[in-house]
>>> print(open('protein00.cif').read())   # mmCIF, C-alpha atoms and all ligand atoms
data_target
#
loop_
_atom_site.label_atom_id
_atom_site.label_comp_id
_atom_site.auth_asym_id
_atom_site.auth_seq_id
_atom_site.Cartn_x
_atom_site.Cartn_y
_atom_site.Cartn_z
CA MET A 1 35.63 18.62 122.97
CA ARG A 2 33.32 19.28 120.03
CA HIS A 3 32.76 22.85 118.94
CA LEU A 4 30.99 24.19 115.85
CA LEU A 5 33.35 26.77 114.40
CA ASP A 6 32.88 25.82 110.77
CA ILE A 7 30.29 23.70 108.97
CA ASP A 8 33.11 21.27 108.14
CA ASP A 9 33.29 20.43 111.86
CA LEU A 10 30.27 18.22 111.11
CA SER A 11 30.45 15.14 108.91
CA THR A 12 27.80 14.59 106.25
CA GLU A 13 26.28 11.84 108.43
CA GLU A 14 26.13 14.23 111.36
CA LEU A 15 24.45 16.85 109.19
CA SER A 16 21.82 14.27 108.23
CA GLU A 17 21.33 13.36 111.90
CA LEU A 18 20.90 17.01 112.85
CA LEU A 19 18.41 17.51 110.02
CA ALA A 20 16.45 14.49 111.23
CA THR A 21 16.49 15.78 114.82
CA GLY A 22 15.47 19.26 113.63
CA ALA A 23 12.52 17.76 111.74
CA ASP A 24 11.51 15.68 114.76
CA ILE A 25 11.68 18.71 117.07
CA SER A 26 9.43 20.65 114.70
CA LYS A 27 6.79 17.92 115.00
CA ASN A 28 7.16 16.79 118.61
CA LYS A 29 8.06 19.85 120.66
CA GLU A 30 6.81 18.43 123.96
CA LYS A 31 9.29 15.55 123.73
CA TYR A 32 12.17 18.02 124.00
CA MET A 33 10.86 20.59 126.44
CA ASP A 34 12.77 19.43 129.52
CA ILE A 35 15.95 17.89 128.13
CA CYS A 36 18.21 20.82 129.02
CA HIS A 37 16.77 21.42 132.47
CA GLY A 38 19.52 22.88 134.66
CA LYS A 39 21.77 23.76 131.70
CA LYS A 40 22.84 27.26 130.70
CA LEU A 41 23.59 28.66 127.27
CA ALA A 42 25.64 31.87 127.12
CA THR A 43 24.95 34.06 124.10
CA LEU A 44 27.91 36.42 123.66
CA PHE A 45 27.05 38.81 120.85
CA PHE A 46 29.83 41.27 120.10
CA GLU A 47 27.95 42.28 116.93
CA PRO A 48 24.26 43.13 116.30
CA SER A 49 21.79 40.31 115.73
CA THR A 50 18.07 39.67 115.86
CA ARG A 51 17.39 36.23 114.43
CA THR A 52 20.51 34.38 115.42
CA ARG A 53 20.61 35.52 119.03
CA LEU A 54 16.88 35.26 119.65
CA SER A 55 16.60 31.89 117.95
CA PHE A 56 19.44 30.57 120.13
CA THR A 57 17.66 31.98 123.17
CA ALA A 58 14.31 30.52 122.15
CA ALA A 59 16.01 27.21 121.29
CA MET A 60 17.53 26.83 124.76
CA MET A 61 14.31 27.93 126.46
CA GLU A 62 12.26 25.41 124.47
CA LEU A 63 14.69 22.72 125.60
CA GLY A 64 13.98 23.70 129.21
CA GLY A 65 17.36 25.39 129.79
CA ASN A 66 18.39 28.90 130.77
CA VAL A 67 20.21 31.64 128.91
CA ILE A 68 22.73 34.24 130.09
CA GLY A 69 24.85 36.64 128.06
CA PHE A 70 24.94 40.01 126.37
CA SER A 71 23.65 41.41 123.11
CA ASP A 72 25.89 44.45 123.00
CA PRO A 73 29.64 44.41 123.68
CA LYS A 74 29.30 47.92 125.18
CA SER A 75 27.61 46.30 128.16
CA SER A 76 30.44 43.77 128.58
CA SER A 77 34.09 44.09 129.57
CA ALA A 78 34.99 44.02 125.88
CA SER A 79 34.29 47.77 126.06
CA LYS A 80 37.08 48.04 128.65
CA GLY A 81 39.45 46.26 126.28
CA GLU A 82 39.15 42.67 127.49
CA CYS A 83 40.31 40.14 124.89
CA VAL A 84 38.02 37.36 123.61
CA SER A 85 40.05 34.59 125.22
CA ASP A 86 39.73 36.09 128.72
CA THR A 87 35.99 36.66 128.31
CA ILE A 88 35.59 33.05 127.23
CA ARG A 89 37.67 31.63 130.08
CA VAL A 90 35.41 33.47 132.50
CA VAL A 91 32.09 32.67 130.84
CA SER A 92 32.89 28.98 130.49
CA ASN A 93 32.84 28.87 134.31
CA TYR A 94 29.24 30.09 134.24
CA ALA A 95 27.69 28.30 131.24
CA ASP A 96 27.53 24.80 129.78
CA ILE A 97 27.71 25.94 126.17
CA ILE A 98 28.48 29.24 124.43
CA ALA A 99 27.11 30.76 121.21
CA MET A 100 29.28 33.64 120.12
CA ARG A 101 29.11 36.25 117.35
CA HIS A 102 32.10 38.47 116.74
CA PRO A 103 33.11 41.09 114.15
CA ASN A 104 36.63 39.65 113.76
CA ASP A 105 37.29 36.71 111.43
CA GLY A 106 38.52 33.66 113.32
CA ALA A 107 37.46 34.84 116.80
CA PRO A 108 35.61 31.52 117.44
CA LEU A 109 38.85 29.53 117.08
CA SER A 110 40.52 31.75 119.64
CA ALA A 111 37.47 31.23 121.89
CA ALA A 112 37.55 27.44 121.47
CA MET A 113 41.24 27.38 122.37
CA HIS A 114 40.43 28.91 125.74
CA SER A 115 37.05 27.42 126.54
CA GLY A 116 36.10 24.70 128.98
CA VAL A 117 32.74 24.25 127.24
CA PRO A 118 31.57 23.85 123.61
CA ILE A 119 31.70 26.98 121.44
CA ILE A 120 29.23 27.63 118.64
CA ASN A 121 30.19 30.16 115.99
CA ALA A 122 27.15 32.39 115.51
CA GLY A 123 28.91 34.37 112.76
CA ASP A 124 32.47 35.74 112.66
CA GLY A 125 33.22 38.81 110.57
CA GLU A 126 33.10 38.13 106.87
CA HIS A 127 34.26 34.58 107.43
CA LYS A 128 31.71 31.87 108.40
CA HIS A 129 28.18 31.38 109.75
CA PRO A 130 27.65 27.63 110.17
CA THR A 131 24.38 27.70 112.13
CA GLN A 132 22.75 29.78 109.39
CA THR A 133 23.81 26.96 107.06
CA LEU A 134 21.94 24.49 109.26
CA ALA A 135 18.81 26.63 108.87
CA ASP A 136 19.41 26.93 105.12
CA LEU A 137 19.87 23.18 104.65
CA MET A 138 16.68 22.38 106.54
CA THR A 139 14.81 24.85 104.34
CA ILE A 140 16.19 23.36 101.12
CA GLN A 141 15.40 19.87 102.35
CA ASN A 142 11.82 20.81 103.29
CA HIS A 143 11.16 22.40 99.90
CA LEU A 144 13.17 20.35 97.45
CA GLY A 145 13.68 17.12 99.40
CA LYS A 146 17.30 16.72 98.32
CA PHE A 147 20.71 18.39 97.99
CA ASP A 148 22.02 16.43 95.01
CA ASN A 149 21.70 17.65 91.41
CA LEU A 150 20.67 21.19 92.30
CA THR A 151 21.53 24.47 90.62
CA ILE A 152 22.02 27.10 93.29
CA GLY A 153 22.08 30.81 92.49
CA MET A 154 23.87 32.97 95.05
CA CYS A 155 23.21 36.65 94.50
CA GLY A 156 24.56 39.88 95.98
CA ASP A 157 27.49 40.30 98.34
CA LEU A 158 29.40 37.07 97.87
CA LYS A 159 32.63 38.62 99.12
CA TYR A 160 31.61 39.64 102.62
CA GLY A 161 28.49 37.44 103.01
CA ARG A 162 29.55 34.83 105.56
CA THR A 163 26.31 32.86 105.18
CA VAL A 164 27.15 32.23 101.52
CA HIS A 165 30.65 31.02 102.39
CA SER A 166 29.40 28.41 104.84
CA LEU A 167 26.48 27.27 102.69
CA ILE A 168 28.65 26.72 99.62
CA VAL A 169 31.17 24.69 101.61
CA ALA A 170 28.32 22.54 102.98
CA LEU A 171 26.76 21.94 99.56
CA THR A 172 30.02 20.83 97.95
CA ARG A 173 29.77 17.55 99.86
CA TYR A 174 26.66 16.49 97.94
CA LYS A 175 26.51 15.31 94.33
CA ASN A 176 26.47 17.39 91.20
CA VAL A 177 25.64 20.79 92.68
CA LYS A 178 26.14 23.69 90.27
CA PHE A 179 26.66 27.23 91.56
CA ILE A 180 25.64 30.38 89.69
CA LEU A 181 27.52 33.18 91.44
CA ILE A 182 25.76 36.47 90.73
CA SER A 183 27.54 39.59 91.99
CA PRO A 184 29.12 42.84 90.93
CA GLU A 185 32.83 42.57 90.14
CA GLU A 186 33.73 44.15 93.50
CA LEU A 187 31.78 41.60 95.54
CA LYS A 188 32.82 38.31 93.95
CA LEU A 189 33.19 35.12 95.96
CA PRO A 190 36.68 34.80 97.57
CA ARG A 191 39.15 32.69 95.63
CA HIS A 192 39.61 30.03 98.29
CA ILE A 193 35.89 29.19 98.32
CA LYS A 194 35.84 28.93 94.53
CA ASP A 195 38.80 26.56 94.89
CA ILE A 196 36.76 24.40 97.27
CA ILE A 197 34.02 24.12 94.62
CA THR A 198 36.51 22.99 91.96
CA GLU A 199 38.31 20.63 94.32
CA HIS A 200 34.96 18.83 94.65
CA ASP A 201 34.67 18.59 90.85
CA MET A 202 31.72 20.92 90.82
CA GLN A 203 30.99 23.72 88.44
CA TYR A 204 30.47 27.40 89.07
CA ILE A 205 29.61 30.25 86.74
CA GLU A 206 30.27 33.87 87.67
CA THR A 207 27.99 36.52 86.25
CA SER A 208 26.73 39.97 87.12
CA ASP A 209 23.39 39.31 85.42
CA MET A 210 20.63 38.21 87.75
CA ASN A 211 18.23 37.21 84.96
CA LYS A 212 20.48 35.19 82.70
CA TYR A 213 20.24 31.84 84.52
CA MET A 214 16.94 32.37 86.34
CA GLN A 215 15.10 29.54 84.53
CA GLU A 216 17.77 27.02 85.62
CA LEU A 217 17.77 27.74 89.34
CA ASP A 218 16.43 25.39 92.01
CA VAL A 219 17.46 27.83 94.73
CA LEU A 220 17.96 31.57 94.58
CA TYR A 221 19.86 32.71 97.67
CA MET A 222 19.76 36.51 97.93
CA THR A 223 22.10 38.40 100.26
CA ARG A 224 22.38 41.86 101.75
CA VAL A 225 25.37 44.01 100.80
CA GLN A 226 27.24 43.99 104.11
CA GLN A 227 27.62 47.68 104.89
CA GLU A 228 29.55 47.05 108.11
CA ARG A 229 32.46 45.44 106.21
CA PHE A 230 33.08 48.34 103.83
CA VAL A 231 35.95 50.75 104.43
CA ASP A 232 34.67 53.16 101.77
CA ILE A 233 31.06 54.18 102.40
CA GLN A 234 30.77 55.65 98.89
CA GLU A 235 31.52 52.24 97.46
CA TYR A 236 28.82 50.73 99.68
CA LEU A 237 26.30 53.34 98.51
CA ARG A 238 27.18 52.60 94.90
CA LEU A 239 26.77 48.84 95.31
CA LYS A 240 24.02 48.46 97.88
CA ASP A 241 21.10 48.15 95.46
CA SER A 242 22.93 46.09 92.86
CA TYR A 243 20.20 43.44 92.91
CA ILE A 244 16.56 43.75 93.84
CA LEU A 245 14.39 40.69 93.33
CA ARG A 246 10.99 41.85 92.09
CA ALA A 247 8.02 39.64 91.29
CA ASP A 248 8.38 40.17 87.52
CA LYS A 249 11.94 38.75 87.59
CA LEU A 250 10.52 35.46 88.86
CA LYS A 251 8.31 34.91 85.81
CA ALA A 252 11.09 32.92 84.18
CA ALA A 253 11.85 30.91 87.33
CA LYS A 254 10.97 27.28 88.05
CA LYS A 255 7.64 26.53 89.69
CA ARG A 256 9.45 25.10 92.70
CA ILE A 257 12.38 27.50 93.03
CA CYS A 258 13.27 28.07 96.66
CA ILE A 259 13.82 31.80 97.27
CA MET A 260 16.04 32.34 100.27
CA LEU A 261 17.56 35.24 102.22
CA PRO A 262 19.23 35.00 105.62
CA LEU A 263 17.66 38.35 106.56
CA PRO A 264 17.71 41.19 107.53
CA ARG A 265 16.22 42.58 104.32
CA LEU A 266 16.93 46.07 103.13
CA ASN A 267 16.04 46.25 99.44
CA GLU A 268 17.16 42.83 98.25
CA ILE A 269 13.69 41.36 97.80
CA SER A 270 10.56 43.35 97.07
CA LYS A 271 7.80 42.86 99.66
CA TYR A 272 5.53 41.79 96.80
CA VAL A 273 7.54 38.57 96.60
CA ASP A 274 6.67 37.67 100.22
CA ASP A 275 3.29 36.19 99.28
CA ASP A 276 4.77 33.98 96.59
CA PRO A 277 4.65 30.38 97.90
CA ARG A 278 8.23 29.98 96.70
CA ALA A 279 9.48 32.61 99.18
CA CYS A 280 11.15 30.67 101.99
CA TYR A 281 12.98 33.37 103.94
CA PHE A 282 10.67 33.64 106.93
CA GLU A 283 10.50 29.89 107.20
CA GLN A 284 14.32 29.89 107.22
CA THR A 285 14.22 31.78 110.54
CA LEU A 286 11.93 29.17 112.11
CA ASN A 287 14.09 26.34 110.83
CA GLY A 288 17.04 28.14 112.40
CA LYS A 289 15.49 27.66 115.81
CA TYR A 290 14.87 23.94 115.29
CA MET A 291 18.36 23.33 113.97
CA ARG A 292 19.95 25.29 116.82
CA MET A 293 17.95 23.14 119.24
CA ALA A 294 19.28 20.02 117.53
CA LEU A 295 22.83 21.39 117.64
CA ILE A 296 22.70 22.35 121.33
CA LEU A 297 21.45 18.83 122.13
CA LYS A 298 24.23 17.22 120.15
CA LEU A 299 27.08 19.30 121.55
CA LEU A 300 25.85 19.03 125.15
CA ASP A 301 25.39 15.29 124.78
CA GLU A 302 28.93 14.84 123.48
CA TYR A 303 30.32 17.12 126.16
CA LYS A 304 28.61 14.99 128.83
CA LYS A 305 30.13 11.84 127.35
CA ASP A 306 33.51 13.51 127.31
CA SER A 307 33.35 14.22 131.05
CA SER A 308 37.03 13.46 131.47
CA VAL A 309 37.63 16.95 130.08
CA GLY A 310 35.86 18.36 133.14
CA ARG A 311 35.33 22.04 133.62
CA GLU A 312 38.99 22.80 133.77
CA ILE A 313 40.32 25.15 131.15
CA LYS A 314 42.77 23.52 128.81
CA ASN A 315 44.46 24.89 125.77
CA GLN A 316 42.74 22.84 123.09
CA ALA A 317 44.48 24.29 120.10
CA GLU A 318 45.65 21.72 117.66
CA PRO A 319 48.95 23.41 116.82
CA ILE A 320 48.40 23.19 113.13
CA MET A 321 51.57 24.94 112.18
CA SER A 322 53.23 27.41 114.41
CA PHE A 323 56.11 29.55 113.20
CA SER A 324 58.77 30.69 115.59
CA LYS A 325 59.53 33.73 113.42
CA PRO A 326 57.07 36.58 113.92
CA LEU A 327 54.98 35.84 110.84
CA LYS A 328 51.67 37.68 110.99
CA CYS A 329 48.33 37.23 109.29
CA ARG A 330 47.81 40.17 106.93
CA ASN A 331 44.03 40.23 107.18
CA PRO A 332 43.35 43.41 109.17
CA HIS A 333 40.03 41.92 110.36
CA CYS A 334 41.58 38.72 111.67
CA ILE A 335 41.26 38.19 115.42
CA THR A 336 45.06 37.81 115.62
CA ASN A 337 45.38 41.46 114.63
CA LYS A 338 43.03 42.51 117.39
CA ASP A 339 44.13 40.29 120.25
CA ASP A 340 47.88 40.74 119.78
CA ASP A 341 49.07 38.05 122.14
CA LEU A 342 47.20 35.27 120.32
CA LYS A 343 49.51 32.59 118.99
CA GLN A 344 49.77 32.82 115.19
CA LEU A 345 48.77 29.49 113.65
CA PHE A 346 48.87 28.47 110.03
CA VAL A 347 47.59 25.59 107.94
CA SER A 348 48.99 24.42 104.64
CA ASP A 349 47.33 22.40 101.91
CA ASP A 350 48.76 19.93 99.41
CA ASN A 351 49.89 22.78 97.17
CA LYS A 352 51.91 24.29 100.04
CA VAL A 353 49.60 27.28 100.25
CA TYR A 354 49.68 28.61 103.79
CA ARG A 355 46.63 30.09 105.42
CA CYS A 356 45.97 31.67 108.76
CA ALA A 357 44.24 29.00 110.87
CA TYR A 358 41.85 31.58 112.34
CA CYS A 359 40.56 33.45 109.30
CA GLU A 360 41.79 31.24 106.41
CA GLN A 361 43.38 34.17 104.59
CA GLU A 362 46.25 33.08 102.38
CA ILE A 363 49.64 34.34 103.56
C1 LIG B 1 23.27 37.23 108.40
C2 LIG B 1 24.55 37.51 109.14
O1 LIG B 1 24.54 38.05 110.26
O2 LIG B 1 25.58 37.15 108.58
N1 LIG B 1 22.12 37.35 109.19
C3 LIG B 1 21.73 36.32 109.98
O3 LIG B 1 22.47 35.79 110.76
N2 LIG B 1 20.49 35.87 109.81
C4 LIG B 1 23.18 37.98 107.12
C5 LIG B 1 23.18 39.46 107.15
O4 LIG B 1 23.41 40.10 108.17
O5 LIG B 1 22.96 40.04 106.07
#
>>> encode(input="protein00.cif", output="structure tokens")
Amino acid sequence: MRHLLDIDDLSTEELSELLATGADISKNKEKYMDICHGKKLATLFFEPSTRTRLSFTAAMMELGGNVIGFSDPKSSSASKGECVSDTIRVVSNYADIIAMRHPNDGAPLSAAMHSGVPIINAGDGEHKHPTQTLADLMTIQNHLGKFDNLTIGMCGDLKYGRTVHSLIVALTRYKNVKFILISPEELKLPRHIKDIITEHDMQYIETSDMNKYMQELDVLYMTRVQQERFVDIQEYLRLKDSYILRADKLKAAKKRICIMLPLPRLNEISKYVDDDPRACYFEQTLNGKYMRMALILKLLDEYKKDSSVGREIKNQAEPIMSFSKPLKCRNPHCITNKDDDLKQLFVSDDNKVYRCAYCEQEI
């Protein structure tokens, strides 16, 4: 069964197909308005959300389907201590497809291992956010018409910003993309994502100066400092306004720079920038709806084809590498450290570096 846990679950051809479907949906809404008649999407949001949850809801409604779910774990059995895998086993008896957001890294893999229906990762902890990447790619395509030969500035919280992690991974499959990683020392991009950039023979520059490369950028992707991931609130307060994009900073920028932000906005971009035709962040939210429509269609279509799977719950884990000794992932935010009875799984690369299969933390 196909799930979308990570942007790498889609091939480059599939990404192009989804982008084409997203564009078609945006132009021919009536063609799609009944396709999901009789189907149900469950939106299970264990963490706050406005755009992602509502765009999933709107997406399913505009496809003629229905939506069930919760927006606050306090109103679900999670508040009584139910583990993710049990919730998923239950909900996959009620819905045809599930979009799930969770504060723990790797929770979507645990969900997929116990689900009878496709799982979509709607953001897991500080790890990944692949459907935001779909929205981001559609926005870049609409404004710049290509992904090759671009210089992409990523600014702000590159450590905890899951949207940045997924978008970088997606962009490394195109040609000659250069990344300018702008962050304070404390919020630098995790090592393993920098390694992915170099493995694809692409270049990145790390800097704390937002202005230095402004004239080179085709995209400036601003991010919010992710308060909810900080252990030390004083550190958050010290770093939260590290970068504020004001209109004057854009004087040096290209005429066609694409200014992006996954939203919500706190102080990252001055409201005076909103009227600049290069500001794309509200359009990003609309594109998110179209791309989520395209994704729901794709996953439901493939699920239908794969009817041999049926509605029965099977353990779909590919046992990537399972140790018999009690080796544990050391990431305190990993789902395996919340749901204790989850099987520990590890992946290794060519250099024999082992990572937790759920959260990708090196062990
Ligand atoms: C992002 C998220 O939740 O990771 N928001 C979103 O999905 N549009 C970014 C953020 O919260 O800052």
>>> residues_near_ligand(input="protein00.cif", ligand="ligand LIG 1 (chain B)", cutoff="8 Å", atoms="all atoms listed in the file", output="PyMOL selection string")
chain A and resi 48-52+122-123+126+129+132+161-163+223-226+261-265+285
>>> write_last_selection(input="protein00.cif", atoms="C-alpha atoms", output="CSV table (one decimal), keeping the file's coordinate frame")
chain,number,residue,atom,x,y,z
A,48,PRO,CA,24.3,43.1,116.3
A,49,SER,CA,21.8,40.3,115.7
A,50,THR,CA,18.1,39.7,115.9
A,51,ARG,CA,17.4,36.2,114.4
A,52,THR,CA,20.5,34.4,115.4
A,122,ALA,CA,27.2,32.4,115.5
A,123,GLY,CA,28.9,34.4,112.8
A,126,GLU,CA,33.1,38.1,106.9
A,129,HIS,CA,28.2,31.4,109.8
A,132,GLN,CA,22.8,29.8,109.4
A,161,GLY,CA,28.5,37.4,103.0
A,162,ARG,CA,29.6,34.8,105.6
A,163,THR,CA,26.3,32.9,105.2
A,223,THR,CA,22.1,38.4,100.3
A,224,ARG,CA,22.4,41.9,101.8
A,225,VAL,CA,25.4,44.0,100.8
A,226,GLN,CA,27.2,44.0,104.1
A,261,LEU,CA,17.6,35.2,102.2
A,262,PRO,CA,19.2,35.0,105.6
A,263,LEU,CA,17.7,38.4,106.6
A,264,PRO,CA,17.7,41.2,107.5
A,265,ARG,CA,16.2,42.6,104.3
A,285,THR,CA,14.2,31.8,110.5
>>> closest_residue(input="protein00.cif", among="A:Ile68, A:Ile152, A:Leu295, A:Ala42", to="A:Met100", atoms="all atoms listed in the file")
A:Ala42
>>> atom_distance(input="protein00.cif", atom1="atom CA of A:Gly125", atom2="atom CA of A:Ala112")
16.3 Å
>>> closest_residue(input="protein00.cif", among="A:Met1, A:Ile35, A:Cys329, A:Ile7", to="A:Ile168", atoms="only C-alpha atoms")
A:Ile7
>>> closest_residue(input="protein00.cif", among="A:Asn287, A:Ser242, A:Thr151, A:Thr131", to="A:Tyr221", atoms="only C-alpha atoms")
A:Thr151
>>> closest_residue(input="protein00.cif", among="A:Asp218, A:Glu283, A:Asp96, A:Asp276", to="A:Ile257", atoms="only C-alpha atoms")
A:Asp218
>>> closest_residue(input="protein00.cif", among="A:Met293, A:Val67, A:Ala78, A:Cys359", to="A:Glu47", atoms="all atoms listed in the file")
A:Ala78
>>> axis_aligned_box(input="protein00.cif", around="stretch 117-131 of chain A", padding_each_side="5 Å", output="JSON")
{"center_x": 29.3, "center_y": 31.3, "center_z": 117.1, "size_x": 19.9, "size_y": 25.0, "size_z": 30.4}
>>> atom_distance(input="protein00.cif", atom1="atom CA of A:Ser55", atom2="atom CA of A:Ala135")
10.7 Å
>>> atom_distance(input="protein00.cif", atom1="atom CA of A:Gln227", atom2="atom CA of A:Leu342")
27.8 Å
>>> residues_near_point(input="protein00.cif", point="(8.2, 46.4, 94.9)", cutoff="9 Å", atoms="only C-alpha atoms", output="ChimeraX atom specification")
/A:244-247,269-273
>>> residues_around(input="protein00.cif", residues="stretch 38-41 of chain A", least_positions_apart="4", cutoff="6 Å", atoms="only C-alpha atoms", output="MDAnalysis selection string")
chainID A and resid 65:67 95:98
>>> write_last_selection(input="protein00.cif", atoms="C-alpha atoms", output="mmCIF file, in the frame of the given file")
data_model
loop_
_atom_site.group_PDB
_atom_site.id
_atom_site.type_symbol
_atom_site.label_atom_id
_atom_site.label_comp_id
_atom_site.auth_asym_id
_atom_site.auth_seq_id
_atom_site.Cartn_x
_atom_site.Cartn_y
_atom_site.Cartn_z
ATOM 1 C CA GLY A 65 17.360 25.390 129.790
ATOM 2 C CA ASN A 66 18.390 28.900 130.770
ATOM 3 C CA VAL A 67 20.210 31.640 128.910
ATOM 4 C CA ALA A 95 27.690 28.300 131.240
ATOM 5 C CA ASP A 96 27.530 24.800 129.780
ATOM 6 C CA ILE A 97 27.710 25.940 126.170
ATOM 7 C CA ILE A 98 28.480 29.240 124.430
#
>>> residues_around(input="protein00.cif", residues="stretch 8-14 of chain A", least_positions_apart="5", cutoff="9 Å", atoms="all atoms listed in the file", output="ChimeraX atom specification")
/A:2-3,19,130,166,169-170,173-174
